[in-house]
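Visitor: Following this line is query_0.cif, made up of mmCIF, N, CA and C atoms:
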```
data_final
loop_
_atom_site.label_atom_id
_atom_site.label_comp_id
_atom_site.auth_asym_id
_atom_site.auth_seq_id
_atom_site.Cartn_x
_atom_site.Cartn_y
_atom_site.Cartn_z
N MET D 1 69.89 58.66 24.38
CA MET D 1 69.82 60.09 24.22
C MET D 1 71.23 60.67 24.21
N THR D 2 71.45 61.67 23.40
CA THR D 2 72.72 62.36 23.37
C THR D 2 72.47 63.86 23.40
N VAL D 3 73.49 64.58 23.79
CA VAL D 3 73.41 66.02 23.84
C VAL D 3 74.19 66.56 22.65
N THR D 4 73.56 67.42 21.88
CA THR D 4 74.20 68.03 20.74
C THR D 4 74.48 69.49 21.08
N PRO D 5 75.77 69.87 21.24
CA PRO D 5 76.07 71.25 21.59
C PRO D 5 75.54 72.22 20.53
N SER D 6 75.02 73.32 21.00
CA SER D 6 74.45 74.33 20.12
C SER D 6 75.43 75.49 20.01
N PRO D 7 75.73 75.95 18.80
CA PRO D 7 76.71 77.03 18.67
C PRO D 7 76.16 78.35 19.21
N THR D 8 76.93 79.02 20.03
CA THR D 8 76.59 80.34 20.55
C THR D 8 77.91 81.05 20.85
N THR D 9 77.91 82.35 20.87
CA THR D 9 79.15 83.09 21.07
C THR D 9 79.21 83.84 22.39
N GLU D 10 78.15 83.80 23.18
CA GLU D 10 78.15 84.58 24.41
C GLU D 10 78.33 83.69 25.64
N THR D 11 78.78 84.32 26.72
CA THR D 11 78.92 83.64 28.00
C THR D 11 77.82 84.16 28.93
N THR D 12 77.13 83.22 29.58
CA THR D 12 76.06 83.58 30.52
C THR D 12 76.48 83.16 31.92
N VAL D 13 76.45 84.09 32.85
CA VAL D 13 76.76 83.79 34.25
C VAL D 13 75.44 83.77 35.00
N LEU D 14 75.17 82.66 35.69
CA LEU D 14 73.90 82.52 36.40
C LEU D 14 73.93 83.24 37.75
N ALA D 15 72.84 83.89 38.06
CA ALA D 15 72.69 84.55 39.36
C ALA D 15 72.48 83.49 40.43
N PRO D 16 72.98 83.73 41.65
CA PRO D 16 72.76 82.76 42.72
C PRO D 16 71.31 82.72 43.17
N SER D 17 70.91 81.57 43.68
CA SER D 17 69.59 81.40 44.29
C SER D 17 69.81 80.79 45.67
N TYR D 18 69.25 81.42 46.67
CA TYR D 18 69.44 80.96 48.05
C TYR D 18 68.25 80.16 48.56
N ARG D 19 67.33 79.78 47.68
CA ARG D 19 66.12 79.07 48.11
C ARG D 19 66.43 77.74 48.77
N LEU D 20 67.30 76.92 48.18
CA LEU D 20 67.60 75.61 48.75
C LEU D 20 68.29 75.73 50.11
N PRO D 21 69.35 76.54 50.25
CA PRO D 21 69.96 76.67 51.59
C PRO D 21 69.00 77.21 52.65
N ILE D 22 68.19 78.20 52.28
CA ILE D 22 67.24 78.76 53.24
C ILE D 22 66.20 77.72 53.64
N ALA D 23 65.74 76.93 52.68
CA ALA D 23 64.75 75.88 52.99
C ALA D 23 65.35 74.84 53.95
N LEU D 24 66.61 74.47 53.73
CA LEU D 24 67.25 73.50 54.64
C LEU D 24 67.40 74.07 56.04
N ILE D 25 67.80 75.32 56.14
CA ILE D 25 67.93 75.95 57.46
C ILE D 25 66.57 76.05 58.14
N ALA D 26 65.52 76.37 57.38
CA ALA D 26 64.17 76.45 57.95
C ALA D 26 63.71 75.08 58.45
N ILE D 27 63.98 74.04 57.67
CA ILE D 27 63.63 72.68 58.10
C ILE D 27 64.36 72.33 59.39
N ALA D 28 65.63 72.68 59.47
CA ALA D 28 66.40 72.40 60.69
C ALA D 28 65.80 73.13 61.89
N LEU D 29 65.40 74.38 61.68
CA LEU D 29 64.79 75.14 62.78
C LEU D 29 63.46 74.53 63.21
N LEU D 30 62.68 74.07 62.24
CA LEU D 30 61.41 73.41 62.57
C LEU D 30 61.65 72.12 63.35
N LEU D 31 62.70 71.39 62.99
CA LEU D 31 63.01 70.14 63.70
C LEU D 31 63.41 70.42 65.15
N THR D 32 64.05 71.55 65.39
CA THR D 32 64.43 71.85 66.77
C THR D 32 63.22 72.18 67.64
N ALA D 33 62.11 72.56 67.00
CA ALA D 33 60.89 72.87 67.75
C ALA D 33 60.17 71.60 68.21
N LEU D 34 60.51 70.45 67.64
CA LEU D 34 59.88 69.19 68.04
C LEU D 34 60.41 68.77 69.41
N PRO D 35 59.58 68.07 70.18
CA PRO D 35 60.09 67.51 71.43
C PRO D 35 61.26 66.57 71.14
N ILE D 36 62.19 66.48 72.06
CA ILE D 36 63.39 65.68 71.85
C ILE D 36 63.06 64.23 71.52
N GLU D 37 61.95 63.70 72.05
CA GLU D 37 61.59 62.32 71.76
C GLU D 37 61.27 62.14 70.27
N LEU D 38 60.73 63.19 69.63
CA LEU D 38 60.35 63.09 68.22
C LEU D 38 61.46 63.54 67.28
N GLY D 39 62.15 64.58 67.63
CA GLY D 39 63.20 65.11 66.77
C GLY D 39 64.57 64.78 67.31
N GLN D 40 65.49 64.58 66.45
CA GLN D 40 66.86 64.28 66.85
C GLN D 40 67.69 65.56 66.72
N PRO D 41 68.25 66.06 67.82
CA PRO D 41 69.03 67.29 67.74
C PRO D 41 70.20 67.20 66.75
N TRP D 42 70.85 66.05 66.69
CA TRP D 42 71.97 65.89 65.76
C TRP D 42 71.51 65.99 64.32
N LEU D 43 70.28 65.52 64.03
CA LEU D 43 69.74 65.58 62.67
C LEU D 43 69.48 67.03 62.27
N SER D 44 68.84 67.80 63.16
CA SER D 44 68.60 69.21 62.82
C SER D 44 69.91 69.97 62.70
N GLY D 45 70.89 69.63 63.52
CA GLY D 45 72.21 70.27 63.41
C GLY D 45 72.89 69.95 62.08
N ALA D 46 72.80 68.70 61.66
CA ALA D 46 73.41 68.30 60.38
C ALA D 46 72.72 69.00 59.21
N ILE D 47 71.41 69.08 59.25
CA ILE D 47 70.66 69.75 58.17
C ILE D 47 71.00 71.24 58.14
N ALA D 48 71.08 71.86 59.31
CA ALA D 48 71.44 73.29 59.38
C ALA D 48 72.86 73.52 58.86
N LEU D 49 73.77 72.63 59.21
CA LEU D 49 75.15 72.74 58.73
C LEU D 49 75.21 72.62 57.21
N LEU D 50 74.46 71.69 56.65
CA LEU D 50 74.39 71.55 55.19
C LEU D 50 73.82 72.83 54.57
N GLY D 51 72.78 73.39 55.17
CA GLY D 51 72.19 74.63 54.67
C GLY D 51 73.19 75.78 54.68
N VAL D 52 73.95 75.91 55.75
CA VAL D 52 74.96 76.97 55.85
C VAL D 52 76.06 76.75 54.80
N PHE D 53 76.49 75.51 54.64
CA PHE D 53 77.51 75.19 53.62
C PHE D 53 77.01 75.56 52.22
N LEU D 54 75.77 75.18 51.90
CA LEU D 54 75.22 75.49 50.58
C LEU D 54 75.01 77.00 50.42
N MET D 55 74.71 77.71 51.49
CA MET D 55 74.59 79.16 51.44
C MET D 55 75.94 79.78 51.05
N PHE D 56 77.01 79.29 51.68
CA PHE D 56 78.36 79.77 51.33
C PHE D 56 78.68 79.47 49.87
N GLN D 57 78.35 78.25 49.42
CA GLN D 57 78.62 77.87 48.03
C GLN D 57 77.85 78.77 47.07
N ALA D 58 76.58 79.04 47.37
CA ALA D 58 75.77 79.89 46.50
C ALA D 58 76.34 81.31 46.43
N ALA D 59 76.89 81.77 47.54
CA ALA D 59 77.44 83.13 47.57
C ALA D 59 78.78 83.23 46.84
N THR D 60 79.53 82.14 46.77
CA THR D 60 80.89 82.24 46.22
C THR D 60 81.08 81.59 44.85
N LEU D 61 80.29 80.57 44.53
CA LEU D 61 80.47 79.88 43.24
C LEU D 61 79.63 80.53 42.15
N ARG D 62 80.10 80.44 40.92
CA ARG D 62 79.34 80.92 39.77
C ARG D 62 79.36 79.85 38.68
N LEU D 63 78.22 79.65 38.06
CA LEU D 63 78.10 78.79 36.88
C LEU D 63 78.13 79.70 35.67
N GLN D 64 79.03 79.38 34.74
CA GLN D 64 79.15 80.16 33.51
C GLN D 64 78.94 79.24 32.32
N PHE D 65 77.99 79.58 31.49
CA PHE D 65 77.78 78.86 30.24
C PHE D 65 78.55 79.61 29.16
N THR D 66 79.69 79.05 28.75
CA THR D 66 80.51 79.64 27.69
C THR D 66 80.10 79.01 26.36
N PRO D 67 80.66 79.46 25.25
CA PRO D 67 80.30 78.85 23.97
C PRO D 67 80.64 77.35 23.88
N THR D 68 81.63 76.87 24.67
CA THR D 68 82.06 75.47 24.53
C THR D 68 81.91 74.61 25.77
N ALA D 69 81.68 75.24 26.95
CA ALA D 69 81.68 74.45 28.18
C ALA D 69 80.90 75.13 29.29
N LEU D 70 80.51 74.33 30.27
CA LEU D 70 79.96 74.84 31.52
C LEU D 70 81.14 74.97 32.47
N ASP D 71 81.39 76.19 32.93
CA ASP D 71 82.50 76.44 33.85
C ASP D 71 81.96 76.74 35.24
N ILE D 72 82.64 76.21 36.25
CA ILE D 72 82.34 76.54 37.64
C ILE D 72 83.52 77.35 38.14
N THR D 73 83.24 78.56 38.62
CA THR D 73 84.30 79.44 39.09
C THR D 73 84.02 79.93 40.50
N ARG D 74 85.09 80.31 41.17
CA ARG D 74 85.00 81.01 42.46
C ARG D 74 85.85 82.26 42.28
N GLY D 75 85.19 83.40 42.22
CA GLY D 75 85.90 84.63 41.90
C GLY D 75 86.43 84.55 40.47
N ASP D 76 87.72 84.77 40.31
CA ASP D 76 88.34 84.65 38.99
C ASP D 76 89.00 83.29 38.77
N THR D 77 88.84 82.38 39.72
CA THR D 77 89.49 81.07 39.64
C THR D 77 88.55 80.03 39.03
N LEU D 78 89.00 79.40 37.97
CA LEU D 78 88.25 78.30 37.36
C LEU D 78 88.42 77.06 38.22
N ILE D 79 87.31 76.52 38.70
CA ILE D 79 87.36 75.31 39.53
C ILE D 79 87.23 74.06 38.68
N ARG D 80 86.29 74.10 37.73
CA ARG D 80 86.05 72.91 36.91
C ARG D 80 85.41 73.33 35.59
N ARG D 81 85.78 72.65 34.52
CA ARG D 81 85.21 72.89 33.19
C ARG D 81 84.60 71.58 32.70
N PHE D 82 83.36 71.69 32.20
CA PHE D 82 82.64 70.55 31.65
C PHE D 82 82.31 70.84 30.19
N PRO D 83 83.15 70.40 29.24
CA PRO D 83 82.89 70.67 27.81
C PRO D 83 81.58 70.02 27.37
N TYR D 84 80.76 70.78 26.64
CA TYR D 84 79.48 70.26 26.17
C TYR D 84 79.66 69.04 25.27
N ALA D 85 80.78 68.97 24.57
CA ALA D 85 81.02 67.85 23.65
C ALA D 85 81.07 66.52 24.40
N ASP D 86 81.36 66.54 25.71
CA ASP D 86 81.43 65.31 26.50
C ASP D 86 80.10 64.94 27.14
N TRP D 87 79.10 65.82 27.05
CA TRP D 87 77.82 65.57 27.70
C TRP D 87 77.01 64.55 26.92
N GLN D 88 76.36 63.64 27.64
CA GLN D 88 75.47 62.67 27.02
C GLN D 88 74.01 62.93 27.36
N ASN D 89 73.77 63.45 28.56
CA ASN D 89 72.40 63.64 29.03
C ASN D 89 72.40 64.61 30.21
N TRP D 90 71.27 65.26 30.45
CA TRP D 90 71.11 66.08 31.64
C TRP D 90 69.64 66.09 32.04
N ARG D 91 69.42 66.38 33.30
CA ARG D 91 68.05 66.44 33.81
C ARG D 91 68.03 67.27 35.09
N ILE D 92 66.95 68.01 35.27
CA ILE D 92 66.74 68.76 36.51
C ILE D 92 65.69 68.04 37.32
N PHE D 93 66.02 67.72 38.58
CA PHE D 93 65.08 67.08 39.49
C PHE D 93 64.53 68.14 40.42
N TRP D 94 63.52 68.26 40.69
CA TRP D 94 62.12 68.09 40.40
C TRP D 94 61.63 69.37 39.77
N ASN D 95 60.77 69.26 38.79
CA ASN D 95 60.33 70.44 38.05
C ASN D 95 59.62 71.47 38.93
N GLY D 96 58.76 71.01 39.82
CA GLY D 96 58.02 71.94 40.68
C GLY D 96 58.92 72.68 41.65
N ILE D 97 59.85 71.95 42.24
CA ILE D 97 60.80 72.52 43.19
C ILE D 97 62.18 72.02 42.77
N PRO D 98 62.83 72.69 41.81
CA PRO D 98 64.11 72.19 41.32
C PRO D 98 65.20 72.29 42.39
N ILE D 99 65.78 71.13 42.74
CA ILE D 99 66.82 71.14 43.76
C ILE D 99 68.12 70.50 43.31
N LEU D 100 68.09 69.75 42.19
CA LEU D 100 69.28 68.99 41.81
C LEU D 100 69.42 68.94 40.29
N LEU D 101 70.63 69.20 39.81
CA LEU D 101 70.97 69.05 38.40
C LEU D 101 71.80 67.79 38.25
N TYR D 102 71.35 66.91 37.37
CA TYR D 102 72.10 65.70 37.03
C TYR D 102 72.58 65.86 35.61
N PHE D 103 73.85 65.55 35.36
CA PHE D 103 74.29 65.44 33.98
C PHE D 103 75.35 64.37 33.87
N LYS D 104 75.33 63.72 32.72
CA LYS D 104 76.24 62.60 32.47
C LYS D 104 77.18 62.99 31.35
N GLU D 105 78.46 62.82 31.64
CA GLU D 105 79.48 62.99 30.62
C GLU D 105 79.90 61.61 30.13
N VAL D 106 80.76 61.58 29.16
CA VAL D 106 81.21 60.31 28.58
C VAL D 106 81.79 59.40 29.67
N LYS D 107 82.57 59.96 30.60
CA LYS D 107 83.26 59.12 31.58
C LYS D 107 82.78 59.31 33.02
N SER D 108 81.81 60.19 33.25
CA SER D 108 81.39 60.39 34.64
C SER D 108 79.98 60.97 34.73
N ILE D 109 79.44 60.88 35.94
CA ILE D 109 78.11 61.38 36.25
C ILE D 109 78.28 62.46 37.32
N HIS D 110 77.48 63.52 37.22
CA HIS D 110 77.59 64.63 38.17
C HIS D 110 76.21 65.01 38.70
N PHE D 111 76.17 65.37 39.97
CA PHE D 111 74.98 65.90 40.61
C PHE D 111 75.38 67.23 41.25
N LEU D 112 74.65 68.29 40.92
CA LEU D 112 74.91 69.60 41.50
C LEU D 112 73.64 70.13 42.14
N PRO D 113 73.73 70.61 43.39
CA PRO D 113 72.54 71.25 43.96
C PRO D 113 72.25 72.53 43.18
N ILE D 114 71.00 72.85 43.04
CA ILE D 114 70.63 74.04 42.27
C ILE D 114 70.72 75.25 43.20
N LEU D 115 71.86 75.93 43.10
CA LEU D 115 72.14 77.12 43.88
C LEU D 115 72.13 78.36 42.99
N PHE D 116 71.48 78.22 41.85
CA PHE D 116 71.44 79.28 40.85
C PHE D 116 70.01 79.42 40.36
N ASP D 117 69.71 80.49 39.67
CA ASP D 117 68.38 80.73 39.13
C ASP D 117 67.94 79.53 38.30
N PRO D 118 66.95 78.75 38.77
CA PRO D 118 66.59 77.50 38.08
C PRO D 118 66.01 77.72 36.68
N LYS D 119 65.27 78.80 36.48
CA LYS D 119 64.71 79.05 35.14
C LYS D 119 65.80 79.37 34.15
N MET D 120 66.76 80.20 34.55
CA MET D 120 67.87 80.55 33.67
C MET D 120 68.77 79.33 33.44
N LEU D 121 68.94 78.50 34.47
CA LEU D 121 69.73 77.27 34.32
C LEU D 121 69.12 76.38 33.25
N LYS D 122 67.83 76.15 33.33
CA LYS D 122 67.16 75.30 32.34
C LYS D 122 67.25 75.92 30.94
N GLN D 123 67.04 77.21 30.85
CA GLN D 123 67.12 77.89 29.56
C GLN D 123 68.52 77.75 28.96
N CYS D 124 69.55 77.94 29.76
CA CYS D 124 70.93 77.81 29.26
C CYS D 124 71.24 76.37 28.87
N LEU D 125 70.78 75.41 29.66
CA LEU D 125 71.00 74.01 29.31
C LEU D 125 70.33 73.66 27.98
N GLU D 126 69.10 74.12 27.80
CA GLU D 126 68.40 73.85 26.54
C GLU D 126 69.08 74.54 25.36
N GLN D 127 69.66 75.70 25.60
CA GLN D 127 70.33 76.42 24.52
C GLN D 127 71.68 75.79 24.18
N HIS D 128 72.48 75.47 25.18
CA HIS D 128 73.84 74.99 24.95
C HIS D 128 73.94 73.48 24.76
N CYS D 129 73.04 72.72 25.36
CA CYS D 129 73.11 71.26 25.33
C CYS D 129 71.74 70.65 25.07
N PRO D 130 71.12 70.95 23.94
CA PRO D 130 69.82 70.34 23.71
C PRO D 130 69.93 68.83 23.63
N ILE D 131 68.99 68.14 24.27
CA ILE D 131 69.00 66.67 24.28
C ILE D 131 68.27 66.18 23.05
N SER D 132 68.93 65.29 22.32
CA SER D 132 68.27 64.67 21.16
C SER D 132 68.02 63.21 21.47
N ASN D 133 67.01 62.65 20.90
CA ASN D 133 66.64 61.25 21.16
C ASN D 133 67.20 60.30 20.12
N THR D 134 68.31 60.65 19.49
CA THR D 134 68.92 59.76 18.49
C THR D 134 69.90 58.83 19.10
#
```
Let me see whether you can do it: turn the structure in this file into C-alpha cells.
Guide:
Amino acid sequence: MTVTPSPTTETTVLAPSYRLPIALIAIALLLTALPIELGQPWLSGAIALLGVFLMFQAATLRLQFTPTALDITRGDTLIRRFPYADWQNWRIFWNGIPILLYFKEVKSIHFLPILFDPKMLKQCLEQHCPISNT
C-alpha cells in the first residue's frame, strides 16, 4: 500500500480532544479505589501521570494539515513536519474508541496518541493522504 498525496490549498488545524487524557485519569482514580492487595498504588500513579502529561500535550500541541505536510506545532513554533510525499501508510487504532494514530514514512514509523478530534483527523488523513492498494 502507498499513500498518494491529494492536492489541496488550505490548511486545517485540528481541535484538541481531551477524551484520552480524561479516560486515563479516570482509570487511575478507579484503581485507587481498589484495596491495596488488588491495586498497585504506583500503577495508578503512573497512569494518572501519563493522563496529566497527555492533557498538557492536548492543550499545547496542534496538528496542522497543510497542502504538503502534516505539521505539529506548539504555539507559533514548528516542532515537526511530516511531508505527505514520504508517507507509505497510515491507520487509526481502534475505530470504536480511537486512541492511536500510526503512520509509516519511507524511513521511519510513528505512533501518536489521538489528542485531537478523531473524526476530523480521519477526514483530513483521507483527504491529504489517501491510501491506495497499488
Visitor: Report the residues retrieved by the PyMOL selection byres ((chain D and resi 61-64) around 8) from the displayed file, expressed as a list in words.
Guide: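 Checked against the file, the PyMOL selection byres ((chain D and resi 61-64) around 8) matches Thr11, Thr12, Val13, Leu14, Ala15, Pro16, Met55, Phe56, Gln57, Ala58, Ala59, Thr60, Phe65, Thr66, Pro67, Ala69, Leu70, Asp71, Ile72, Thr73, Arg74, Gly75, Leu115 and Phe116 of chain D.
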Visitor: Mind writing the picked residues with N, CA and C atoms as a short mmCIF file (atom, residue, chain, number, x, y, z; two decimals), in the coordinates of the input?
Guide:
```cif
data_model
loop_
_atom_site.label_atom_id
_atom_site.label_comp_id
_atom_site.auth_asym_id
_atom_site.auth_seq_id
_atom_site.Cartn_x
_atom_site.Cartn_y
_atom_site.Cartn_z
N THR D 11 78.78 84.32 26.72
CA THR D 11 78.92 83.64 28.00
C THR D 11 77.82 84.16 28.93
N THR D 12 77.13 83.22 29.58
CA THR D 12 76.06 83.58 30.52
C THR D 12 76.48 83.16 31.92
N VAL D 13 76.45 84.09 32.85
CA VAL D 13 76.76 83.79 34.25
C VAL D 13 75.44 83.77 35.00
N LEU D 14 75.17 82.66 35.69
CA LEU D 14 73.90 82.52 36.40
C LEU D 14 73.93 83.24 37.75
N ALA D 15 72.84 83.89 38.06
CA ALA D 15 72.69 84.55 39.36
C ALA D 15 72.48 83.49 40.43
N PRO D 16 72.98 83.73 41.65
CA PRO D 16 72.76 82.76 42.72
C PRO D 16 71.31 82.72 43.17
N MET D 55 74.71 77.71 51.49
CA MET D 55 74.59 79.16 51.44
C MET D 55 75.94 79.78 51.05
N PHE D 56 77.01 79.29 51.68
CA PHE D 56 78.36 79.77 51.33
C PHE D 56 78.68 79.47 49.87
N GLN D 57 78.35 78.25 49.42
CA GLN D 57 78.62 77.87 48.03
C GLN D 57 77.85 78.77 47.07
N ALA D 58 76.58 79.04 47.37
CA ALA D 58 75.77 79.89 46.50
C ALA D 58 76.34 81.31 46.43
N ALA D 59 76.89 81.77 47.54
CA ALA D 59 77.44 83.13 47.57
C ALA D 59 78.78 83.23 46.84
N THR D 60 79.53 82.14 46.77
CA THR D 60 80.89 82.24 46.22
C THR D 60 81.08 81.59 44.85
N PHE D 65 77.99 79.58 31.49
CA PHE D 65 77.78 78.86 30.24
C PHE D 65 78.55 79.61 29.16
N THR D 66 79.69 79.05 28.75
CA THR D 66 80.51 79.64 27.69
C THR D 66 80.10 79.01 26.36
N PRO D 67 80.66 79.46 25.25
CA PRO D 67 80.30 78.85 23.97
C PRO D 67 80.64 77.35 23.88
N ALA D 69 81.68 75.24 26.95
CA ALA D 69 81.68 74.45 28.18
C ALA D 69 80.90 75.13 29.29
N LEU D 70 80.51 74.33 30.27
CA LEU D 70 79.96 74.84 31.52
C LEU D 70 81.14 74.97 32.47
N ASP D 71 81.39 76.19 32.93
CA ASP D 71 82.50 76.44 33.85
C ASP D 71 81.96 76.74 35.24
N ILE D 72 82.64 76.21 36.25
CA ILE D 72 82.34 76.54 37.64
C ILE D 72 83.52 77.35 38.14
N THR D 73 83.24 78.56 38.62
CA THR D 73 84.30 79.44 39.09
C THR D 73 84.02 79.93 40.50
N ARG D 74 85.09 80.31 41.17
CA ARG D 74 85.00 81.01 42.46
C ARG D 74 85.85 82.26 42.28
N GLY D 75 85.19 83.40 42.22
CA GLY D 75 85.90 84.63 41.90
C GLY D 75 86.43 84.55 40.47
N LEU D 115 71.86 75.93 43.10
CA LEU D 115 72.14 77.12 43.88
C LEU D 115 72.13 78.36 42.99
N PHE D 116 71.48 78.22 41.85
CA PHE D 116 71.44 79.28 40.85
C PHE D 116 70.01 79.42 40.36
#
```
Visitor: Residues picked by the PyMOL selection byres ((chain D and resi 98) around 8) here, as a list in words?
Guide: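 Checking the PyMOL selection byres ((chain D and resi 98) around 8) against this file, the residues are Leu20, Ile92, Phe93, Trp94, Asn95, Gly96, Ile97, Ile99, Leu100, Leu101, Pro113, Ile114, Leu115 and Pro118 of chain D.
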Visitor: Could you work out how far CA of Arg80 (chain D) lies from CA of Cys124 (chain D), giving the answer in Å with one decimal?
Guide: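 For CA of Cys124 (chain D) relative to CA of Arg80 (chain D), the distance reads 17.6 Å.
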Visitor: As a PyMOL selection string, list the residues of chain D assigned to helix (DSSP H, G or I) by DSSP on the backbone atoms of this structure.
Guide: chain D and resi 19-32+41-60+84-86+118-128
Visitor: Just the strand (DSSP E or B) stuff from region 43-104 of chain D, please, per backbone DSSP, written as a PyMOL selection string.
Guide: chain D and resi 61-65+69-74+77-83+87-93+100-104
Visitor: To test your reading of the syntax: which residues would the PyMOL selection byres (((chain D and resi 21-34 and name CA) around 9) and name CA) return for the file shown? Reply as a PyMOL selection string.
Guide: chain D and resi 17-20+35-41+43-56+58+115
Visitor: Please provide the set of residues having any atom within 8 Å of Lys107 (chain D), restricted to all atoms listed in the file, with same-chain residues fewer than 3 positions apart removed, written as number ranges by chain.
Guide: D: 86-88, 104, 110
Visitor: Atom N of Trp90 (chain D) to atom C of Asp76 (chain D): how many Å, to one decimal?
Guide: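 Between these atoms lies a distance of 26.6 Å.
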Visitor: Rounded to one decimal in Å, what is the spacing between atom C of Asn89 (chain D) and atom C of Tyr102 (chain D)?
Guide: 5.5 Å
Visitor: Give the padded box for region 12-17 of chain D as AutoDock Vina command-line options: axis-aligned, covering all atoms listed in the file, 6 Å on each side, centre and edge lengths in Å to one decimal.
Guide:
```
--center_x 73.4 --center_y 82.7 --center_z 37.6 --size_x 19.5 --size_y 15.8 --size_z 28.1
```
Visitor: Name the closest residue to Thr68 (chain D) among the candidates D:Trp42, D:Phe111, D:Phe103, D:Tyr84; distances are taken between atoms, counting all atoms listed in the file.
Guide: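 Smallest separation from Thr68 (chain D) among the options: D:Tyr84.
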